[in-house]
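S.K.: Structure below; questions to follow.
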Amino acid sequence: MANKIYFITGGARSGKSAYAEKLALGMAGKRAYIATAQALDAEMAARIAKHQKDRGHVWDTFEEPLAVAELLRKLSGRYEAVLLDCLTLWLSNVMAHTDGDGAVISRSEELVAALRAFTGVCVVVSNEVGLGIVPDNPLARKFRDFAGMLNQKVAQAADEVYFTAAGIPVKIK
(Lines give C-alpha, C1' and ligand atoms only; values in the text may rest on other atoms or scores of the structure.)
Protein backbone atom coordinates (compact mmCIF):
# COMPACT_ATOMS: atom_id res chain seq x y z
CA MET A 1 0.00 0.00 0.00
CA ALA A 2 1.19 3.48 -0.83
CA ASN A 3 2.19 5.88 1.90
CA LYS A 4 -0.59 8.32 2.68
CA ILE A 5 -1.17 10.73 5.55
CA TYR A 6 -4.59 12.02 6.56
CA PHE A 7 -4.57 14.86 9.09
CA ILE A 8 -7.76 15.58 11.05
CA THR A 9 -7.91 18.71 13.20
CA GLY A 10 -10.58 20.68 15.02
CA GLY A 11 -11.62 21.86 18.43
CA ALA A 12 -12.35 19.77 21.49
CA ARG A 13 -15.37 17.51 21.01
CA SER A 14 -15.66 18.57 17.37
CA GLY A 15 -15.97 15.01 16.05
CA LYS A 16 -12.41 14.69 14.80
CA SER A 17 -11.64 11.35 16.49
CA ALA A 18 -14.93 9.81 15.33
CA TYR A 19 -14.23 10.92 11.78
CA ALA A 20 -10.64 9.63 11.94
CA GLU A 21 -11.83 6.23 13.18
CA LYS A 22 -14.48 6.04 10.44
CA LEU A 23 -11.85 6.93 7.85
CA ALA A 24 -9.38 4.31 9.11
CA LEU A 25 -12.04 1.62 9.46
CA GLY A 26 -12.82 2.06 5.76
CA MET A 27 -9.31 0.93 4.87
CA ALA A 28 -8.40 -2.65 4.17
CA GLY A 29 -5.82 -4.54 6.15
CA LYS A 30 -4.49 -4.68 9.64
CA ARG A 31 -5.04 -1.55 11.77
CA ALA A 32 -3.17 -0.13 14.76
CA TYR A 33 -4.46 2.54 17.13
CA ILE A 34 -1.81 4.64 18.87
CA ALA A 35 -3.28 6.34 21.94
CA THR A 36 -1.20 9.05 23.58
CA ALA A 37 -3.40 9.80 26.62
CA GLN A 38 -2.26 8.93 30.13
CA ALA A 39 -4.55 8.05 33.03
CA LEU A 40 -3.14 10.56 35.50
CA ASP A 41 -6.41 10.88 37.44
CA ALA A 42 -9.68 8.96 37.88
CA GLU A 43 -11.61 11.06 35.37
CA MET A 44 -9.00 10.50 32.65
CA ALA A 45 -8.83 6.78 33.48
CA ALA A 46 -12.61 6.57 32.96
CA ARG A 47 -12.34 8.43 29.63
CA ILE A 48 -9.61 6.07 28.42
CA ALA A 49 -11.61 3.00 29.48
CA LYS A 50 -14.68 4.29 27.61
CA HIS A 51 -12.63 4.94 24.45
CA GLN A 52 -11.14 1.44 24.65
CA LYS A 53 -14.58 -0.13 25.06
CA ASP A 54 -16.07 1.95 22.23
CA ARG A 55 -13.24 0.99 19.84
CA GLY A 56 -13.82 -2.72 20.37
CA HIS A 57 -11.50 -5.37 19.01
CA VAL A 58 -11.02 -4.18 15.43
CA TRP A 59 -7.78 -2.42 16.38
CA ASP A 60 -4.47 -3.45 17.85
CA THR A 61 -4.10 -0.69 20.43
CA PHE A 62 -0.76 0.72 21.54
CA GLU A 63 -0.73 3.08 24.52
CA GLU A 64 2.28 5.31 23.92
CA PRO A 65 2.49 8.77 25.48
CA LEU A 66 6.03 9.70 24.34
CA ALA A 67 7.89 7.38 21.94
CA VAL A 68 5.42 7.65 19.04
CA ALA A 69 8.05 8.10 16.30
CA GLU A 70 9.87 4.99 17.49
CA LEU A 71 6.60 3.04 17.61
CA LEU A 72 5.64 4.14 14.09
CA ARG A 73 8.98 2.85 12.82
CA LYS A 74 8.34 -0.52 14.52
CA LEU A 75 4.80 -0.78 13.12
CA SER A 76 5.73 0.22 9.57
CA GLY A 77 5.31 -2.78 7.27
CA ARG A 78 3.34 -4.68 9.92
CA TYR A 79 0.14 -2.64 9.63
CA GLU A 80 -1.62 -1.20 6.61
CA ALA A 81 -3.21 1.63 8.62
CA VAL A 82 -2.32 3.45 11.82
CA LEU A 83 -4.50 5.96 13.66
CA LEU A 84 -2.62 8.33 15.95
CA ASP A 85 -4.85 10.08 18.51
CA CYS A 86 -3.76 12.65 19.42
CA LEU A 87 -0.85 14.95 18.65
CA THR A 88 -1.70 17.60 21.23
CA LEU A 89 -1.72 15.10 24.09
CA TRP A 90 1.58 13.74 22.79
CA LEU A 91 2.97 17.28 22.65
CA SER A 92 1.95 18.05 26.23
CA ASN A 93 3.60 14.77 27.33
CA VAL A 94 6.80 15.68 25.47
CA MET A 95 6.85 19.20 26.90
CA ALA A 96 6.49 17.77 30.42
CA HIS A 97 9.33 15.28 29.93
CA THR A 98 11.76 17.23 27.72
CA ASP A 99 14.14 20.00 28.65
CA GLY A 100 14.27 22.98 26.34
CA ASP A 101 12.48 24.21 23.27
CA GLY A 102 15.07 22.70 20.95
CA ALA A 103 14.35 19.21 22.24
CA VAL A 104 10.60 19.67 21.71
CA ILE A 105 11.19 20.89 18.16
CA SER A 106 13.55 17.99 17.47
CA ARG A 107 11.03 15.43 18.77
CA SER A 108 8.31 17.05 16.63
CA GLU A 109 10.47 16.87 13.50
CA GLU A 110 11.32 13.24 14.28
CA LEU A 111 7.62 12.42 14.53
CA VAL A 112 6.81 14.08 11.18
CA ALA A 113 9.67 12.14 9.56
CA ALA A 114 8.31 8.87 11.00
CA LEU A 115 4.84 9.66 9.62
CA ARG A 116 6.31 10.31 6.18
CA ALA A 117 8.34 7.08 6.29
CA PHE A 118 5.46 4.84 7.43
CA THR A 119 4.63 2.20 4.84
CA GLY A 120 0.86 2.41 4.65
CA VAL A 121 -1.74 4.92 5.76
CA CYS A 122 -1.46 7.20 8.79
CA VAL A 123 -4.54 8.96 10.13
CA VAL A 124 -3.44 11.66 12.56
CA VAL A 125 -5.71 13.56 14.97
CA SER A 126 -4.82 16.88 16.60
CA ASN A 127 -6.60 19.70 18.38
CA GLU A 128 -6.63 23.12 16.77
CA VAL A 129 -5.76 25.27 19.78
CA GLY A 130 -5.16 28.62 18.11
CA LEU A 131 -8.75 29.75 17.56
CA GLY A 132 -9.42 31.10 21.05
CA ILE A 133 -8.11 33.96 23.12
CA VAL A 134 -4.41 34.40 23.78
CA PRO A 135 -3.56 32.29 26.84
CA ASP A 136 -2.81 34.24 30.02
CA ASN A 137 0.42 32.49 31.01
CA PRO A 138 3.77 31.71 29.37
CA LEU A 139 3.45 27.88 29.51
CA ALA A 140 0.02 27.91 27.87
CA ARG A 141 1.26 30.32 25.18
CA LYS A 142 4.30 28.11 24.55
CA PHE A 143 2.04 25.04 24.22
CA ARG A 144 -0.24 26.91 21.79
CA ASP A 145 2.76 27.97 19.73
CA PHE A 146 4.30 24.48 19.63
CA ALA A 147 0.91 22.92 18.79
CA GLY A 148 0.40 25.38 15.94
CA MET A 149 3.89 24.71 14.61
CA LEU A 150 3.43 20.91 14.84
CA ASN A 151 0.01 21.06 13.19
CA GLN A 152 1.48 23.08 10.32
CA LYS A 153 4.29 20.56 9.81
CA VAL A 154 1.92 17.60 9.81
CA ALA A 155 -0.53 19.40 7.50
CA GLN A 156 2.32 20.13 5.05
CA ALA A 157 3.32 16.45 5.09
CA ALA A 158 -0.28 15.23 4.78
CA ASP A 159 -1.93 14.22 1.55
CA GLU A 160 -5.35 15.25 2.86
CA VAL A 161 -6.31 17.59 5.71
CA TYR A 162 -9.75 17.87 7.31
CA PHE A 163 -11.07 20.44 9.77
CA THR A 164 -14.00 19.28 11.90
CA ALA A 165 -16.64 21.45 13.53
CA ALA A 166 -19.94 20.32 15.08
CA GLY A 167 -19.28 16.77 13.86
CA ILE A 168 -18.83 17.83 10.25
CA PRO A 169 -15.47 17.24 8.54
CA VAL A 170 -14.49 19.78 5.88
CA LYS A 171 -11.64 18.93 3.51
CA ILE A 172 -9.17 21.83 3.46
CA LYS A 173 -6.35 20.14 1.55
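How things are named: the first chain in the C-alpha coordinates is A, the next is B, and so on; residues count from 1 in each chain; ligands count from 1 in the order shown.
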At a cut-off of 12 Å, can you tabulate as JSON lines every residue of region 69-141 of chain A near region 44-64 of chain A together with its closest atom pair and the distance in Å to one decimal, using only C-alpha atoms and ordering rows by chain then number?

M.R.:
{"residue": "A:Ala69", "atom": "CA", "partner": "A:Glu64", "partner_atom": "CA", "distance": 10.0}
{"residue": "A:Glu70", "atom": "CA", "partner": "A:Glu64", "partner_atom": "CA", "distance": 9.9}
{"residue": "A:Leu71", "atom": "CA", "partner": "A:Glu64", "partner_atom": "CA", "distance": 8.0}
{"residue": "A:Leu72", "atom": "CA", "partner": "A:Phe62", "partner_atom": "CA", "distance": 10.4}
{"residue": "A:Lys74", "atom": "CA", "partner": "A:Phe62", "partner_atom": "CA", "distance": 11.6}
{"residue": "A:Leu75", "atom": "CA", "partner": "A:Phe62", "partner_atom": "CA", "distance": 10.2}
{"residue": "A:Arg78", "atom": "CA", "partner": "A:Asp60", "partner_atom": "CA", "distance": 11.2}
{"residue": "A:Tyr79", "atom": "CA", "partner": "A:Asp60", "partner_atom": "CA", "distance": 9.5}
{"residue": "A:Glu80", "atom": "CA", "partner": "A:Trp59", "partner_atom": "CA", "distance": 11.6}
{"residue": "A:Ala81", "atom": "CA", "partner": "A:Trp59", "partner_atom": "CA", "distance": 9.9}
{"residue": "A:Val82", "atom": "CA", "partner": "A:Trp59", "partner_atom": "CA", "distance": 9.2}
{"residue": "A:Leu83", "atom": "CA", "partner": "A:Trp59", "partner_atom": "CA", "distance": 9.4}
{"residue": "A:Leu84", "atom": "CA", "partner": "A:Phe62", "partner_atom": "CA", "distance": 9.6}
{"residue": "A:Asp85", "atom": "CA", "partner": "A:Glu63", "partner_atom": "CA", "distance": 10.1}
{"residue": "A:Cys86", "atom": "CA", "partner": "A:Glu64", "partner_atom": "CA", "distance": 10.5}
{"residue": "A:Leu87", "atom": "CA", "partner": "A:Glu64", "partner_atom": "CA", "distance": 11.4}
{"residue": "A:Leu89", "atom": "CA", "partner": "A:Glu64", "partner_atom": "CA", "distance": 10.6}
{"residue": "A:Trp90", "atom": "CA", "partner": "A:Glu64", "partner_atom": "CA", "distance": 8.5}
{"residue": "A:Asn93", "atom": "CA", "partner": "A:Glu64", "partner_atom": "CA", "distance": 10.1}
{"residue": "A:Val94", "atom": "CA", "partner": "A:Glu64", "partner_atom": "CA", "distance": 11.4}

S.K.: Give me the residues near region 9-18 of chain A as number ranges by chain, where near means some atom within 12 Å (using only C-alpha atoms) and where sequence neighbours in that chain fewer than 2 positions away do not count.

M.R.: A: 6-7, 20-25, 33, 35, 51, 54-55, 83-89, 123-132, 147-148, 150-152, 154-155, 158, 160-173

S.K.: Could you write out, as JSON, numbers by chain, all the residues of region 59-168 of chain A that DSSP marks as alpha helix (DSSP H)?

M.R.: {"A": [68, 69, 70, 71, 72, 73, 74, 75, 87, 88, 89, 90, 91, 92, 93, 94, 95, 96, 97, 101, 102, 103, 104, 105, 106, 107, 108, 109, 110, 111, 112, 113, 114, 115, 116, 117, 138, 139, 140, 141, 142, 143, 144, 145, 146, 147, 148, 149, 150, 151, 152, 153, 154, 155, 156, 157]}

S.K.: Select from chain A everything DSSP, run on the backbone, classes as strand (DSSP E), then give the selection as an NGL selection string.

M.R.: :A and (4-10 or 31-35 or 60-63 or 81-85 or 121-127 or 160-165 or 168-171)

S.K.: Would you save the residues from that selection as a short mmCIF file (atom, residue, chain, number, x, y, z; two decimals), in the first residue's frame, using N, CA, C and O atoms?

M.R.:
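Final output, saved to part-v4.cif:
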data_model
loop_
_atom_site.label_atom_id
_atom_site.label_comp_id
_atom_site.auth_asym_id
_atom_site.auth_seq_id
_atom_site.Cartn_x
_atom_site.Cartn_y
_atom_site.Cartn_z
N LYS A 4 0.37 7.24 2.74
CA LYS A 4 -0.59 8.32 2.68
C LYS A 4 -0.82 8.80 4.09
O LYS A 4 -0.92 8.01 5.02
N ILE A 5 -0.91 10.13 4.25
CA ILE A 5 -1.17 10.73 5.55
C ILE A 5 -2.46 11.54 5.46
O ILE A 5 -2.59 12.40 4.58
N TYR A 6 -3.38 11.23 6.37
CA TYR A 6 -4.59 12.02 6.56
C TYR A 6 -4.42 12.75 7.88
O TYR A 6 -4.09 12.14 8.89
N PHE A 7 -4.68 14.06 7.87
CA PHE A 7 -4.57 14.86 9.09
C PHE A 7 -5.95 15.43 9.40
O PHE A 7 -6.56 16.11 8.57
N ILE A 8 -6.44 15.14 10.61
CA ILE A 8 -7.76 15.58 11.05
C ILE A 8 -7.57 16.51 12.25
O ILE A 8 -7.01 16.11 13.27
N THR A 9 -8.04 17.75 12.12
CA THR A 9 -7.91 18.71 13.20
C THR A 9 -9.26 19.37 13.47
O THR A 9 -10.18 19.28 12.67
N GLY A 10 -9.35 20.00 14.62
CA GLY A 10 -10.58 20.68 15.02
C GLY A 10 -10.52 20.96 16.50
O GLY A 10 -9.55 20.60 17.18
N ARG A 31 -5.03 -2.92 11.25
CA ARG A 31 -5.04 -1.55 11.77
C ARG A 31 -4.46 -1.47 13.18
O ARG A 31 -4.77 -2.30 14.03
N ALA A 32 -3.70 -0.42 13.42
CA ALA A 32 -3.17 -0.13 14.76
C ALA A 32 -3.72 1.22 15.22
O ALA A 32 -3.88 2.14 14.42
N TYR A 33 -3.98 1.30 16.51
CA TYR A 33 -4.46 2.54 17.13
C TYR A 33 -3.39 2.95 18.14
O TYR A 33 -3.10 2.21 19.07
N ILE A 34 -2.80 4.13 17.93
CA ILE A 34 -1.81 4.64 18.87
C ILE A 34 -2.49 5.71 19.71
O ILE A 34 -2.89 6.76 19.20
N ALA A 35 -2.63 5.42 21.00
CA ALA A 35 -3.28 6.34 21.94
C ALA A 35 -2.20 7.00 22.79
O ALA A 35 -1.37 6.32 23.38
N ASP A 60 -5.53 -3.12 16.90
CA ASP A 60 -4.47 -3.45 17.85
C ASP A 60 -4.09 -2.11 18.47
O ASP A 60 -3.64 -1.20 17.76
N THR A 61 -4.31 -1.97 19.77
CA THR A 61 -4.10 -0.69 20.43
C THR A 61 -2.74 -0.65 21.11
O THR A 61 -2.34 -1.60 21.79
N PHE A 62 -2.05 0.46 20.92
CA PHE A 62 -0.76 0.72 21.54
C PHE A 62 -0.89 2.01 22.35
O PHE A 62 -1.18 3.05 21.79
N GLU A 63 -0.70 1.91 23.65
CA GLU A 63 -0.73 3.08 24.52
C GLU A 63 0.69 3.61 24.59
O GLU A 63 1.57 2.96 25.15
N ALA A 81 -2.68 0.33 8.18
CA ALA A 81 -3.21 1.63 8.62
C ALA A 81 -2.93 1.83 10.10
O ALA A 81 -3.04 0.90 10.90
N VAL A 82 -2.56 3.07 10.43
CA VAL A 82 -2.32 3.45 11.82
C VAL A 82 -3.11 4.73 12.09
O VAL A 82 -3.07 5.67 11.28
N LEU A 83 -3.82 4.75 13.22
CA LEU A 83 -4.50 5.96 13.66
C LEU A 83 -3.77 6.47 14.90
O LEU A 83 -3.63 5.73 15.87
N LEU A 84 -3.32 7.69 14.85
CA LEU A 84 -2.62 8.33 15.95
C LEU A 84 -3.53 9.38 16.57
O LEU A 84 -3.86 10.38 15.93
N ASP A 85 -3.92 9.18 17.83
CA ASP A 85 -4.85 10.08 18.51
C ASP A 85 -4.33 10.33 19.92
O ASP A 85 -4.38 9.44 20.74
N VAL A 121 -0.94 3.72 5.55
CA VAL A 121 -1.74 4.92 5.76
C VAL A 121 -1.66 5.34 7.22
O VAL A 121 -1.82 4.51 8.12
N CYS A 122 -1.41 6.62 7.44
CA CYS A 122 -1.46 7.20 8.79
C CYS A 122 -2.62 8.18 8.84
O CYS A 122 -2.74 9.05 7.97
N VAL A 123 -3.46 8.01 9.85
CA VAL A 123 -4.54 8.96 10.13
C VAL A 123 -4.15 9.63 11.44
O VAL A 123 -4.02 8.94 12.46
N VAL A 124 -3.97 10.94 11.42
CA VAL A 124 -3.44 11.66 12.56
C VAL A 124 -4.48 12.67 13.05
O VAL A 124 -5.01 13.45 12.25
N VAL A 125 -4.74 12.67 14.36
CA VAL A 125 -5.71 13.56 14.97
C VAL A 125 -4.98 14.58 15.84
O VAL A 125 -4.04 14.23 16.57
N SER A 126 -5.41 15.84 15.77
CA SER A 126 -4.82 16.88 16.60
C SER A 126 -5.85 17.96 16.88
O SER A 126 -6.71 18.24 16.04
N ASN A 127 -5.74 18.57 18.04
CA ASN A 127 -6.60 19.70 18.38
C ASN A 127 -6.07 20.96 17.71
O ASN A 127 -4.86 21.19 17.67
N GLU A 160 -4.03 14.66 2.68
CA GLU A 160 -5.35 15.25 2.86
C GLU A 160 -5.46 15.79 4.27
O GLU A 160 -4.98 15.17 5.22
N VAL A 161 -6.11 16.97 4.41
CA VAL A 161 -6.31 17.59 5.71
C VAL A 161 -7.80 17.93 5.85
O VAL A 161 -8.40 18.48 4.92
N TYR A 162 -8.35 17.59 7.02
CA TYR A 162 -9.75 17.87 7.31
C TYR A 162 -9.85 18.69 8.59
O TYR A 162 -9.15 18.41 9.57
N PHE A 163 -10.74 19.67 8.58
CA PHE A 163 -11.07 20.44 9.77
C PHE A 163 -12.48 20.03 10.17
O PHE A 163 -13.38 20.02 9.32
N THR A 164 -12.68 19.69 11.44
CA THR A 164 -14.00 19.28 11.90
C THR A 164 -14.59 20.34 12.83
O THR A 164 -13.89 20.92 13.64
N ALA A 165 -15.88 20.55 12.67
CA ALA A 165 -16.64 21.45 13.53
C ALA A 165 -18.05 20.89 13.63
O ALA A 165 -18.63 20.50 12.61
N ILE A 168 -18.89 17.80 11.71
CA ILE A 168 -18.83 17.83 10.25
C ILE A 168 -17.39 18.04 9.79
O ILE A 168 -16.79 19.08 10.09
N PRO A 169 -16.83 17.06 9.08
CA PRO A 169 -15.47 17.24 8.54
C PRO A 169 -15.52 18.03 7.23
O PRO A 169 -16.36 17.79 6.38
N VAL A 170 -14.61 18.98 7.09
CA VAL A 170 -14.49 19.78 5.88
C VAL A 170 -13.07 19.60 5.35
O VAL A 170 -12.10 19.87 6.07
N LYS A 171 -12.96 19.12 4.12
CA LYS A 171 -11.64 18.93 3.51
C LYS A 171 -11.04 20.29 3.19
O LYS A 171 -11.65 21.10 2.49
#

S.K.: I'd like the neighbourhood of region 141-143 of chain A as a list in words, where a residue qualifies if any of its atoms comes within 8 Å (using only C-alpha atoms), though same-chain residues fewer than 6 positions away should be ignored.

M.R.: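 Counting only C-alpha atoms, the residues come to Leu91, Ser92, Val134 and Pro135 of chain A.
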
S.K.: Atoms to include: N, CA, C and O atoms. Write the selected residues as a PDB file, in the first residue's frame.

M.R.:
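Saved file again37.pdb follows:
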ATOM      1  N   LEU A  91       2.151  16.087  22.464  1.00  0.00           N
ATOM      2  CA  LEU A  91       2.967  17.281  22.646  1.00  0.00           C
ATOM      3  C   LEU A  91       3.036  17.691  24.111  1.00  0.00           C
ATOM      4  O   LEU A  91       4.121  18.017  24.612  1.00  0.00           O
ATOM      5  N   SER A  92       1.926  17.681  24.810  1.00  0.00           N
ATOM      6  CA  SER A  92       1.954  18.054  26.231  1.00  0.00           C
ATOM      7  C   SER A  92       2.805  17.065  27.019  1.00  0.00           C
ATOM      8  O   SER A  92       3.536  17.462  27.936  1.00  0.00           O
ATOM      9  N   VAL A 134      -5.814  34.610  23.459  1.00  0.00           N
ATOM     10  CA  VAL A 134      -4.410  34.396  23.777  1.00  0.00           C
ATOM     11  C   VAL A 134      -4.324  33.925  25.228  1.00  0.00           C
ATOM     12  O   VAL A 134      -4.883  34.563  26.124  1.00  0.00           O
ATOM     13  N   PRO A 135      -3.657  32.782  25.472  1.00  0.00           N
ATOM     14  CA  PRO A 135      -3.556  32.288  26.844  1.00  0.00           C
ATOM     15  C   PRO A 135      -2.907  33.308  27.777  1.00  0.00           C
ATOM     16  O   PRO A 135      -2.071  34.117  27.353  1.00  0.00           O
TER      17      PRO A 135
END

S.K.: Could you work out how far CA of Ser76 (chain A) lies from CA of Ala114 (chain A), giving the answer in Å with one decimal?

M.R.: 9.1 Å

S.K.: To one decimal place in Å, what is the distance between CA of Gly29 (chain A) and CA of Pro65 (chain A)?

M.R.: 24.9 Å

S.K.: Nearest to Ala140 (chain A) among A:Asp159, A:Met95, A:Val104, A:Met27, with distances taken over only C-alpha atoms: which residue is it?

M.R.: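 That would be A:Met95, the residue with the smallest distance to Ala140 (chain A).
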